[in-house]
Amino acid sequence: MYRVTTGYTVADAMTHEPVTISPNKTLREAAKIMAKEHVGSLLVKEADSIIGILTEQDVVRKGVASAGNTALKKVREVMETNLTTTTPDEDIFEALRIMRDYNIRHLPVMHQGKFVGLVTLKDILKIEPDLYEIMVEKIQLREAERKPVK
């Protein structure tokens, strides 16, 4: 299989101490933290373990768009627990491919079974803007599927 390498690893791009939140906090508290810290996701931490991720999309699609008082919903009710991860020594091209294939923008980084950071689409594109074309291709394919056939 043909494998592209950029010379940059996930460790070069990742945030080593991403913002975390307790699963027992409310979505309102999560939104305030996201706004204050200027981030699009929060890693959900319980004890010393990362148990999930809460993204802006989760807040909107699973929180705001659902019934009930959104502001009082708990993070644990809408967070994503099925985490797709990468390793710090992985090439950023491969991390971007994972993001594209799983339609995600935030990728927790694990090393020897322990959480060590978070890499985002923006982190990667800051280092290697030419990789933007990979994401554009996926978006164009998705948009084409939504348009009616003439």
# chains A, B, ... in the order shown; residues from 1 in each chain; ligands from 1

call {"tool": "select_by_dssp", "arguments": {"residues": "chain A", "states": "strand (DSSP E or B)", "output": "number ranges by chain"}}
result
A: 9, 15, 20-21, 26, 41-46, 49-55, 74, 80, 86, 91, 106-111, 114-120

call {"tool": "closest_residue", "arguments": {"among": "A:Thr84, A:Thr20, A:Thr70, A:Gln112", "to": "Arg100 of chain A", "atoms": "only C-alpha atoms"}}
result
A:Thr84

call {"tool": "select_by_dssp", "arguments": {"residues": "chain A", "states": "helix (DSSP H, G or I)", "output": "count of residues only"}}
result
67

call {"tool": "atom_distance", "arguments": {"atom1": "atom CA of Ile53 of chain A", "atom2": "atom CA of Leu83 of chain A"}}
result
7.6 Å

call {"tool": "closest_residue", "arguments": {"among": "A:Val39, A:Leu27, A:Asp48, A:Gly7", "to": "Lys122 of chain A", "atoms": "only C-alpha atoms"}}
result
A:Val39

call {"tool": "residues_around", "arguments": {"residues": "Ile33 of chain A", "least_positions_apart": "3", "cutoff": "12 Å", "atoms": "only C-alpha atoms", "output": "VMD selection string"}}
result
chain A and resid 18 to 22 25 to 30 36 to 43 54 to 56

call {"tool": "residues_around", "arguments": {"residues": "Gly52 of chain A", "least_positions_apart": "4", "cutoff": "6 Å", "atoms": "only C-alpha atoms", "output": "CSV table (one decimal) with N, CA and C atoms, in the first residue's frame"}}
result
chain,number,residue,atom,x,y,z
A,44,VAL,N,-13.4,14.7,27.9
A,44,VAL,CA,-14.2,14.5,29.1
A,44,VAL,C,-13.3,13.6,30.0
A,80,GLU,N,-19.3,11.9,23.1
A,80,GLU,CA,-18.9,10.8,22.3
A,80,GLU,C,-18.0,9.9,23.1
A,81,THR,N,-18.4,8.6,23.3
A,81,THR,CA,-17.5,7.7,24.1
A,81,THR,C,-16.7,6.8,23.2
